$ cat my_file-v1.csv   # CSV, C-alpha atoms
chain,number,residue,atom,x,y,z
K,136,MET,CA,26.0,-5.3,-37.6
K,137,ALA,CA,27.0,-6.6,-34.2
K,138,LYS,CA,25.7,-4.6,-31.2
K,139,GLY,CA,26.7,-4.0,-27.6
K,140,LEU,CA,24.7,-2.9,-24.6
K,141,LEU,CA,25.8,-0.2,-22.0
K,142,PHE,CA,23.9,0.2,-18.7
K,143,SER,CA,23.7,3.3,-16.6
K,144,GLY,CA,25.1,3.6,-13.1
K,145,GLN,CA,24.1,5.5,-9.9
K,146,GLY,CA,23.8,9.3,-10.5
K,147,ALA,CA,21.9,9.0,-13.8
K,148,GLN,CA,18.5,8.7,-12.1
K,149,THR,CA,15.8,11.4,-12.7
K,150,VAL,CA,12.2,11.7,-11.5
K,151,GLY,CA,9.9,10.5,-14.2
K,152,MET,CA,12.2,7.7,-15.3
K,153,GLY,CA,10.4,4.7,-16.7
K,154,ARG,CA,6.9,6.3,-16.9
K,155,SER,CA,6.7,6.3,-20.7
K,156,LEU,CA,8.0,2.7,-20.8
K,157,TYR,CA,5.3,1.6,-18.3
K,158,GLU,CA,2.5,3.4,-20.1
K,159,SER,CA,3.5,2.3,-23.6
K,160,SER,CA,4.9,-1.2,-23.3
K,161,ASP,CA,3.2,-4.3,-21.8
K,162,ILE,CA,6.6,-6.0,-21.2
K,163,ALA,CA,7.8,-2.9,-19.3
K,164,LYS,CA,4.6,-2.6,-17.3
K,165,ALA,CA,4.9,-6.3,-16.2
K,166,LEU,CA,8.5,-5.7,-15.1
K,167,TYR,CA,7.7,-2.7,-13.0
K,168,ASP,CA,4.7,-4.4,-11.4
K,169,GLU,CA,6.9,-7.5,-10.7
K,170,ALA,CA,9.5,-5.2,-9.2
K,171,ASN,CA,7.0,-3.7,-6.7
K,172,GLU,CA,6.0,-7.2,-5.6
K,173,VAL,CA,9.6,-8.4,-5.3
K,174,LEU,CA,10.7,-5.3,-3.3
K,175,GLY,CA,7.7,-5.0,-1.2
K,176,TRP,CA,7.5,-1.2,-1.7
K,177,ASP,CA,6.4,1.2,-4.4
K,178,LEU,CA,9.5,1.6,-6.7
K,179,LYS,CA,7.5,2.7,-9.7
K,180,GLY,CA,5.7,5.4,-7.7
K,181,ILE,CA,9.1,6.9,-6.6
K,182,CYS,CA,10.5,6.5,-10.2
K,183,PHE,CA,7.5,8.2,-11.8
K,184,ASP,CA,6.6,10.9,-9.2
K,185,GLY,CA,9.6,11.3,-6.9
K,186,PRO,CA,10.3,13.1,-4.7
K,187,ASP,CA,13.9,13.5,-5.9
K,188,GLU,CA,15.2,13.1,-2.4
K,189,ALA,CA,13.7,9.6,-2.2
K,190,LEU,CA,14.9,8.6,-5.7
K,191,THR,CA,18.5,9.6,-5.0
K,192,GLU,CA,18.8,7.4,-2.0
K,193,THR,CA,21.2,4.6,-2.8
K,194,LYS,CA,18.8,1.9,-1.7
K,195,VAL,CA,16.2,3.3,-4.2
K,196,CYS,CA,18.1,4.6,-7.2
K,197,GLN,CA,20.0,1.3,-7.7
K,198,PRO,CA,16.8,-0.8,-8.2
K,199,ALA,CA,15.3,2.1,-10.2
K,200,LEU,CA,18.2,2.1,-12.7
K,201,TYR,CA,18.3,-1.7,-12.8
K,202,VAL,CA,14.6,-2.0,-13.6
K,203,GLN,CA,14.6,0.7,-16.3
K,204,GLY,CA,17.7,-0.6,-17.9
K,205,PHE,CA,16.3,-4.1,-18.1
K,206,ALA,CA,13.0,-2.9,-19.4
K,207,ILE,CA,14.7,-1.1,-22.3
K,208,TYR,CA,16.7,-4.2,-23.0
K,209,SER,CA,13.5,-6.3,-23.0
K,210,ILE,CA,11.8,-4.0,-25.4
K,211,LEU,CA,14.8,-4.0,-27.7
K,212,LYS,CA,14.8,-7.8,-27.6
K,213,GLU,CA,11.0,-8.0,-28.2
K,214,ARG,CA,11.5,-5.9,-31.3
K,215,GLY,CA,14.2,-8.2,-32.7
K,216,LEU,CA,16.9,-5.5,-32.4
K,217,LEU,CA,19.3,-7.7,-30.4
K,218,ASP,CA,19.6,-10.7,-32.6
K,219,ASP,CA,23.2,-9.7,-33.2
K,220,LEU,CA,24.0,-8.8,-29.6
K,221,THR,CA,27.5,-9.9,-28.7
K,222,ALA,CA,28.6,-7.9,-25.6
K,223,ALA,CA,27.4,-5.9,-22.6
K,224,CYS,CA,28.9,-3.9,-19.8
K,225,GLY,CA,27.7,-1.3,-17.2
K,226,LEU,CA,28.9,1.5,-15.0
K,227,SER,CA,29.1,0.2,-11.4
K,228,LEU,CA,25.4,-0.8,-10.6
K,229,GLY,CA,24.9,-1.1,-14.4
K,230,GLU,CA,27.2,-4.2,-14.4
K,231,LEU,CA,24.5,-6.1,-12.6
K,232,THR,CA,22.0,-5.1,-15.3
K,233,ALA,CA,24.4,-6.3,-17.9
K,234,LEU,CA,24.7,-9.6,-16.2
K,235,ALA,CA,20.9,-10.0,-16.2
K,236,ALA,CA,20.8,-9.2,-19.9
K,237,ALA,CA,23.5,-11.8,-20.5
K,238,GLY,CA,21.3,-14.5,-18.8
K,239,VAL,CA,23.6,-15.0,-15.8
K,240,TYR,CA,20.4,-14.7,-13.6
K,241,ASP,CA,16.8,-13.8,-14.2
K,242,PHE,CA,15.2,-10.4,-13.7
K,243,SER,CA,13.8,-11.0,-10.2
K,244,THR,CA,17.1,-12.6,-8.9
K,245,GLY,CA,19.0,-9.6,-10.2
K,246,LEU,CA,16.6,-7.2,-8.6
K,247,LYS,CA,17.1,-8.9,-5.2
K,248,LEU,CA,20.8,-8.7,-5.6
K,249,VAL,CA,20.6,-5.0,-6.6
K,250,ALA,CA,18.2,-4.1,-3.8
K,251,GLU,CA,20.5,-5.7,-1.1
K,252,ARG,CA,23.6,-4.1,-2.6
K,253,GLY,CA,21.9,-0.7,-2.5
K,254,ARG,CA,20.7,-1.3,1.1
K,255,LEU,CA,24.1,-2.3,2.3
K,256,MET,CA,25.8,0.6,0.6
K,257,GLN,CA,23.2,3.0,2.1
K,258,LEU,CA,24.1,1.6,5.5
K,259,ALA,CA,27.8,2.1,4.8
K,260,CYS,CA,27.2,5.7,3.7
K,261,ASP,CA,25.2,6.4,6.8
K,262,ALA,CA,27.9,5.0,9.1
K,263,THR,CA,30.8,6.9,7.5
K,264,LYS,CA,31.5,10.5,6.4
K,265,GLY,CA,32.6,10.0,2.8
K,266,GLY,CA,32.8,12.2,-0.2
K,267,MET,CA,33.8,12.1,-3.9
K,268,ALA,CA,35.2,14.5,-6.4
K,269,ALA,CA,35.7,14.6,-10.2
K,270,VAL,CA,39.1,15.2,-11.6
K,271,ILE,CA,39.1,16.6,-15.1
K,272,GLY,CA,42.5,16.3,-16.9
K,273,GLY,CA,45.6,14.4,-15.8
K,274,THR,CA,46.7,10.9,-16.3
K,275,PRO,CA,45.6,8.0,-14.1
K,276,GLU,CA,49.2,8.0,-12.8
K,277,ASP,CA,48.9,11.7,-11.9
K,278,VAL,CA,45.6,11.1,-10.1
K,279,GLN,CA,46.9,8.0,-8.3
K,280,ALA,CA,49.8,10.1,-6.9
K,281,PHE,CA,47.4,12.8,-5.9
K,282,CYS,CA,45.2,10.3,-4.1
K,283,GLU,CA,48.2,8.8,-2.2
K,284,ALA,CA,49.2,12.3,-1.0
K,285,PHE,CA,45.8,12.8,0.6
K,286,ASP,CA,45.0,9.2,1.7
K,287,ILE,CA,42.1,8.8,-0.7
K,288,GLU,CA,41.4,6.4,-3.6
K,289,ILE,CA,40.4,6.4,-7.3
K,290,ALA,CA,36.8,5.3,-7.6
K,291,ASN,CA,36.1,5.6,-11.3
K,292,LEU,CA,38.2,5.6,-14.4
K,293,ASN,CA,35.4,6.7,-16.7
K,294,CYS,CA,37.2,7.9,-19.9
K,295,PRO,CA,40.3,9.7,-20.9
K,296,GLY,CA,40.5,12.9,-18.8
K,297,GLN,CA,37.7,12.1,-16.3
K,298,ILE,CA,38.5,10.3,-13.1
K,299,VAL,CA,36.5,10.2,-9.8
K,300,ILE,CA,38.2,10.1,-6.4
K,301,SER,CA,36.7,8.9,-3.2
K,302,GLY,CA,37.4,8.7,0.6
K,303,GLU,CA,36.7,10.5,3.9
K,304,ASN,CA,35.0,13.7,3.2
K,305,THR,CA,37.5,15.9,5.0
K,306,LYS,CA,40.4,14.3,3.0
K,307,VAL,CA,38.6,14.7,-0.3
K,308,LEU,CA,37.9,18.4,0.4
K,309,GLU,CA,41.5,18.9,1.5
K,310,ALA,CA,42.6,17.4,-1.8
K,311,VAL,CA,40.2,19.7,-3.8
K,312,ALA,CA,41.5,22.7,-1.9
K,313,ASN,CA,45.1,21.8,-2.8
K,314,SER,CA,44.5,20.6,-6.4
K,315,LYS,CA,45.5,23.8,-8.3
K,316,GLU,CA,49.2,23.2,-8.2
K,317,ARG,CA,48.7,19.6,-9.5
K,318,GLY,CA,48.0,20.8,-13.1
K,319,PHE,CA,44.5,19.4,-13.4
K,320,LYS,CA,41.9,21.3,-15.4
K,321,LEU,CA,39.3,21.0,-12.6
K,322,VAL,CA,38.8,19.1,-9.4
K,323,LYS,CA,35.2,19.4,-8.3
K,324,PRO,CA,33.3,17.9,-5.3
K,325,LEU,CA,30.3,15.7,-6.2
K,326,ASN,CA,27.0,15.8,-4.5
K,327,VAL,CA,26.9,12.2,-3.3
K,328,ALA,CA,25.8,10.4,-0.1
K,329,GLY,CA,29.1,8.6,0.5
K,330,ALA,CA,32.5,7.4,-0.7
K,331,TYR,CA,31.5,4.7,-3.2
K,332,HIS,CA,34.2,2.3,-4.5
K,333,SER,CA,36.6,3.0,-1.6
K,334,ARG,CA,37.6,1.3,1.7
K,335,LEU,CA,34.7,3.1,3.4
K,336,MET,CA,32.4,0.5,1.6
K,337,VAL,CA,34.2,-2.5,3.2
K,338,SER,CA,31.2,-3.3,5.5
K,339,ALA,CA,28.9,-3.4,2.5
K,340,ARG,CA,31.3,-5.6,0.6
K,341,ASP,CA,31.6,-8.1,3.4
K,342,ALA,CA,27.9,-8.3,3.9
K,343,PHE,CA,27.2,-8.5,0.2
K,344,ALA,CA,29.7,-11.4,-0.1
K,345,GLU,CA,27.7,-13.4,2.5
K,346,TYR,CA,24.4,-12.6,0.8
K,347,ILE,CA,25.4,-13.4,-2.8
K,348,LYS,CA,27.2,-16.8,-2.1
K,349,ASP,CA,24.0,-19.0,-2.3
K,350,PHE,CA,22.6,-17.5,-5.5
K,351,ASP,CA,22.7,-19.6,-8.7
K,352,PHE,CA,24.7,-17.9,-11.5
K,353,LYS,CA,24.9,-19.2,-15.0
K,354,THR,CA,27.6,-18.7,-17.7
K,355,PRO,CA,26.9,-15.5,-19.7
K,356,GLU,CA,25.3,-16.0,-23.1
K,357,ILE,CA,27.3,-13.0,-24.5
K,358,ALA,CA,30.6,-11.3,-23.5
K,359,VAL,CA,30.3,-9.4,-20.3
K,360,TYR,CA,33.0,-7.1,-18.9
K,361,THR,CA,33.7,-6.5,-15.2
K,362,ASN,CA,34.5,-3.1,-13.7
K,363,VAL,CA,37.1,-4.6,-11.4
K,364,THR,CA,39.6,-5.4,-14.2
K,365,GLY,CA,38.0,-4.1,-17.4
K,366,GLY,CA,38.3,-7.6,-18.8
K,367,ARG,CA,35.8,-10.2,-19.8
K,368,VAL,CA,34.4,-12.5,-17.1
K,369,SER,CA,32.5,-15.7,-17.7
K,370,ALA,CA,32.9,-18.3,-14.9
K,371,PRO,CA,29.9,-18.0,-12.5
K,372,ASP,CA,32.1,-18.1,-9.4
K,373,GLU,CA,34.4,-15.4,-10.9
K,374,ILE,CA,31.4,-13.2,-11.7
K,375,LYS,CA,30.3,-13.4,-8.0
K,376,ASP,CA,33.8,-12.6,-6.8
K,377,CYS,CA,34.0,-9.6,-9.1
K,378,LEU,CA,30.6,-8.3,-8.0
K,379,VAL,CA,31.8,-8.4,-4.4
K,380,LYS,CA,35.2,-6.8,-5.1
K,381,GLN,CA,33.5,-4.1,-7.2
K,382,VAL,CA,31.8,-2.5,-4.2
K,383,VAL,CA,35.2,-1.3,-3.0
K,384,SER,CA,37.4,-1.3,-6.1
K,385,SER,CA,38.0,1.2,-8.8
K,386,VAL,CA,35.4,1.1,-11.7
K,387,ARG,CA,37.4,0.7,-14.9
K,388,PHE,CA,34.7,1.6,-17.3
K,389,GLU,CA,37.0,2.9,-20.0
K,390,ASP,CA,38.8,-0.4,-20.1
K,391,CYS,CA,35.4,-2.3,-20.2
K,392,LEU,CA,34.3,-0.2,-23.2
K,393,ARG,CA,37.6,-0.5,-25.0
K,394,ASN,CA,37.8,-4.3,-24.5
K,395,ALA,CA,34.1,-4.9,-25.4
K,396,ALA,CA,34.6,-2.9,-28.6
K,397,SER,CA,37.9,-4.4,-29.7
K,398,GLU,CA,37.4,-8.0,-28.7
K,399,ASN,CA,34.0,-8.2,-30.4
K,400,SER,CA,34.6,-5.9,-33.4
K,401,LEU,CA,32.0,-3.6,-32.1
K,402,ALA,CA,31.3,0.0,-33.2
K,403,ASP,CA,27.6,0.2,-32.3
K,404,PHE,CA,26.1,0.3,-28.8
K,405,TYR,CA,22.8,0.9,-27.2
K,406,GLU,CA,22.9,2.9,-23.9
K,407,CYS,CA,20.0,1.8,-21.7
K,408,GLY,CA,19.1,4.3,-19.0
K,409,PRO,CA,18.6,8.0,-18.2
K,410,GLY,CA,20.7,10.7,-19.8
K,411,LYS,CA,23.6,10.2,-22.2
K,412,VAL,CA,26.5,9.9,-19.8
K,413,LEU,CA,27.9,6.7,-21.2
K,414,ALA,CA,27.6,8.0,-24.7
K,415,GLY,CA,29.8,10.9,-23.6
K,416,PHE,CA,32.3,8.6,-22.1
K,417,ALA,CA,32.4,6.5,-25.2
K,418,LYS,CA,33.0,9.5,-27.5
K,419,ARG,CA,35.9,10.7,-25.3
K,420,THR,CA,37.3,7.1,-25.3
K,421,ASP,CA,37.0,6.3,-29.0
K,422,LYS,CA,35.4,8.7,-31.5
K,423,SER,CA,34.6,5.8,-33.9
K,424,LEU,CA,32.1,4.3,-31.4
K,425,ASN,CA,28.5,5.0,-32.1
K,426,VAL,CA,26.2,5.0,-29.1
K,427,THR,CA,22.4,5.3,-29.3
K,428,SER,CA,21.1,6.5,-25.9
K,429,MET,CA,17.5,5.7,-24.9
K,430,SER,CA,15.5,6.2,-21.7
K,431,GLU,CA,12.0,7.2,-23.0
K,432,PHE,CA,9.8,4.8,-25.0
K,433,ASP,CA,9.8,7.0,-28.1
K,434,GLU,CA,13.7,6.9,-28.1
K,435,ILE,CA,13.7,3.1,-28.6
K,436,PRO,CA,14.1,2.2,-32.3
K,437,ALA,CA,10.9,0.7,-33.8
$ encode --input "my_file-v1.csv" --output "structure tokens"
Amino acid sequence: MAKGLLFSGQGAQTVGMGRSLYESSDIAKALYDEANEVLGWDLKGICFDGPDEALTETKVCQPALYVQGFAIYSILKERGLLDDLTAACGLSLGELTALAAAGVYDFSTGLKLVAERGRLMQLACDATKGGMAAVIGGTPEDVQAFCEAFDIEIANLNCPGQIVISGENTKVLEAVANSKERGFKLVKPLNVAGAYHSRLMVSARDAFAEYIKDFDFKTPEIAVYTNVTGGRVSAPDEIKDCLVKQVVSSVRFEDCLRNAASENSLADFYECGPGKVLAGFAKRTDKSLNVTSMSEFDEIPA
């Protein structure tokens, strides 16, 4: 039975993530030790012991999620559970993990890209006063009109009935305050550091474009789907272009999931990362999809 991989995005992180992998798997231990060397700071210490305030910083949580996701993928591969792997996608940051799993670049190269992406996005957050909110209920068209009325943007199209909006914090809060008459079930501010996937990230996008241009990318060994369009991406230069655009564009995760499933005749996915967020999105997108979520060592099939 063909399998697909799903990789977690920012917001899924939790103190203690990766500890059981590190303590129980030689391959995971080697990856975490390599990550500390590549980064030049103690990622595994913050992942395992916190504090939460440090782990939730953009420049920390993005590498944390990348390393854990890739470690789970590596254990699955080591156990022979990915011989029938045909597709991968991720939520925002998770797209970079999916590309590593697809062989577009090696683990350390991907970690360098993720670390710089996170650092640049942290700088953009610090330089702007951005916010985000979750919109429950309503069509993408309804939410787009809502955003236009308050000069904000759609950041995530996660699944039917769940869309995230992003922009200047005062405008997001004004939108939340005036949302009742729009007919949505709920519009709730999110506890985030900035306005991800909006024009407030332009400085990060431009700097990341300069950083990424000299890296050597390969053609994916499996089907990979980009958040920018929701479609498959395969040419190395196109992959780079999408990673740059993704910093400011809407994350079309629902489209990624639908296309990965339909184009590869997939019903079974492994979710690699903390929590079961992507499994929830999948269930609301297509009830026939079966997602096995794993973040702890004992959750990985033997």
$ closest_residue --input "my_file-v1.csv" --among "K:Ala284, K:Pro436, K:Gly410, K:Lys375" --to "Val150 in chain K" --atoms "all atoms listed in the file"
K:Gly410
$ closest_residue --input "my_file-v1.csv" --among "K:Glu316, K:Glu230, K:Asp184, K:Glu283" --to "Gln381 in chain K" --atoms "all atoms listed in the file"
K:Glu230
$ closest_residue --input "my_file-v1.csv" --among "K:Phe343, K:Tyr405, K:Phe205, K:Phe432" --to "Ala165 in chain K" --atoms "only C-alpha atoms"
K:Phe205
$ residues_around --input "my_file-v1.csv" --residues "range 347-364 of chain K" --least-positions-apart "2" --cutoff "9 Å" --atoms "all atoms listed in the file" --output "MDAnalysis selection string"
chainID K and resid 220:227 230 233:240 244 248 342:345 366:372 374:375 377:381 384:388 390:392 394:395 399
$ write_last_selection --input "my_file-v1.csv" --atoms "C-alpha atoms" --output "PDB file, in the coordinates of the input"
ATOM      1  CA  LEU K 220      24.000  -8.800 -29.600  1.00  0.00           C
ATOM      2  CA  THR K 221      27.500  -9.900 -28.700  1.00  0.00           C
ATOM      3  CA  ALA K 222      28.600  -7.900 -25.600  1.00  0.00           C
ATOM      4  CA  ALA K 223      27.400  -5.900 -22.600  1.00  0.00           C
ATOM      5  CA  CYS K 224      28.900  -3.900 -19.800  1.00  0.00           C
ATOM      6  CA  GLY K 225      27.700  -1.300 -17.200  1.00  0.00           C
ATOM      7  CA  LEU K 226      28.900   1.500 -15.000  1.00  0.00           C
ATOM      8  CA  SER K 227      29.100   0.200 -11.400  1.00  0.00           C
ATOM      9  CA  GLU K 230      27.200  -4.200 -14.400  1.00  0.00           C
ATOM     10  CA  ALA K 233      24.400  -6.300 -17.900  1.00  0.00           C
ATOM     11  CA  LEU K 234      24.700  -9.600 -16.200  1.00  0.00           C
ATOM     12  CA  ALA K 235      20.900 -10.000 -16.200  1.00  0.00           C
ATOM     13  CA  ALA K 236      20.800  -9.200 -19.900  1.00  0.00           C
ATOM     14  CA  ALA K 237      23.500 -11.800 -20.500  1.00  0.00           C
ATOM     15  CA  GLY K 238      21.300 -14.500 -18.800  1.00  0.00           C
ATOM     16  CA  VAL K 239      23.600 -15.000 -15.800  1.00  0.00           C
ATOM     17  CA  TYR K 240      20.400 -14.700 -13.600  1.00  0.00           C
ATOM     18  CA  THR K 244      17.100 -12.600  -8.900  1.00  0.00           C
ATOM     19  CA  LEU K 248      20.800  -8.700  -5.600  1.00  0.00           C
ATOM     20  CA  ALA K 342      27.900  -8.300   3.900  1.00  0.00           C
ATOM     21  CA  PHE K 343      27.200  -8.500   0.200  1.00  0.00           C
ATOM     22  CA  ALA K 344      29.700 -11.400  -0.100  1.00  0.00           C
ATOM     23  CA  GLU K 345      27.700 -13.400   2.500  1.00  0.00           C
ATOM     24  CA  GLY K 366      38.300  -7.600 -18.800  1.00  0.00           C
ATOM     25  CA  ARG K 367      35.800 -10.200 -19.800  1.00  0.00           C
ATOM     26  CA  VAL K 368      34.400 -12.500 -17.100  1.00  0.00           C
ATOM     27  CA  SER K 369      32.500 -15.700 -17.700  1.00  0.00           C
ATOM     28  CA  ALA K 370      32.900 -18.300 -14.900  1.00  0.00           C
ATOM     29  CA  PRO K 371      29.900 -18.000 -12.500  1.00  0.00           C
ATOM     30  CA  ASP K 372      32.100 -18.100  -9.400  1.00  0.00           C
ATOM     31  CA  ILE K 374      31.400 -13.200 -11.700  1.00  0.00           C
ATOM     32  CA  LYS K 375      30.300 -13.400  -8.000  1.00  0.00           C
ATOM     33  CA  CYS K 377      34.000  -9.600  -9.100  1.00  0.00           C
ATOM     34  CA  LEU K 378      30.600  -8.300  -8.000  1.00  0.00           C
ATOM     35  CA  VAL K 379      31.800  -8.400  -4.400  1.00  0.00           C
ATOM     36  CA  LYS K 380      35.200  -6.800  -5.100  1.00  0.00           C
ATOM     37  CA  GLN K 381      33.500  -4.100  -7.200  1.00  0.00           C
ATOM     38  CA  SER K 384      37.400  -1.300  -6.100  1.00  0.00           C
ATOM     39  CA  SER K 385      38.000   1.200  -8.800  1.00  0.00           C
ATOM     40  CA  VAL K 386      35.400   1.100 -11.700  1.00  0.00           C
ATOM     41  CA  ARG K 387      37.400   0.700 -14.900  1.00  0.00           C
ATOM     42  CA  PHE K 388      34.700   1.600 -17.300  1.00  0.00           C
ATOM     43  CA  ASP K 390      38.800  -0.400 -20.100  1.00  0.00           C
ATOM     44  CA  CYS K 391      35.400  -2.300 -20.200  1.00  0.00           C
ATOM     45  CA  LEU K 392      34.300  -0.200 -23.200  1.00  0.00           C
ATOM     46  CA  ASN K 394      37.800  -4.300 -24.500  1.00  0.00           C
ATOM     47  CA  ALA K 395      34.100  -4.900 -25.400  1.00  0.00           C
ATOM     48  CA  ASN K 399      34.000  -8.200 -30.400  1.00  0.00           C
TER      49      ASN K 399
END
$ residues_near_point --input "my_file-v1.csv" --point "(23.2, 2.4, -22.1)" --cutoff "7 Å" --atoms "all atoms listed in the file" --output "list in words"
Leu140, Leu141, Phe142, Ser143, Tyr405, Glu406, Cys407, Gly408, Leu413 and Ser428 of chain K
$ closest_residue --input "my_file-v1.csv" --among "K:Asn326, K:Gly415, K:Pro409, K:Val299" --to "Glu431 in chain K" --atoms "all atoms listed in the file"
K:Pro409
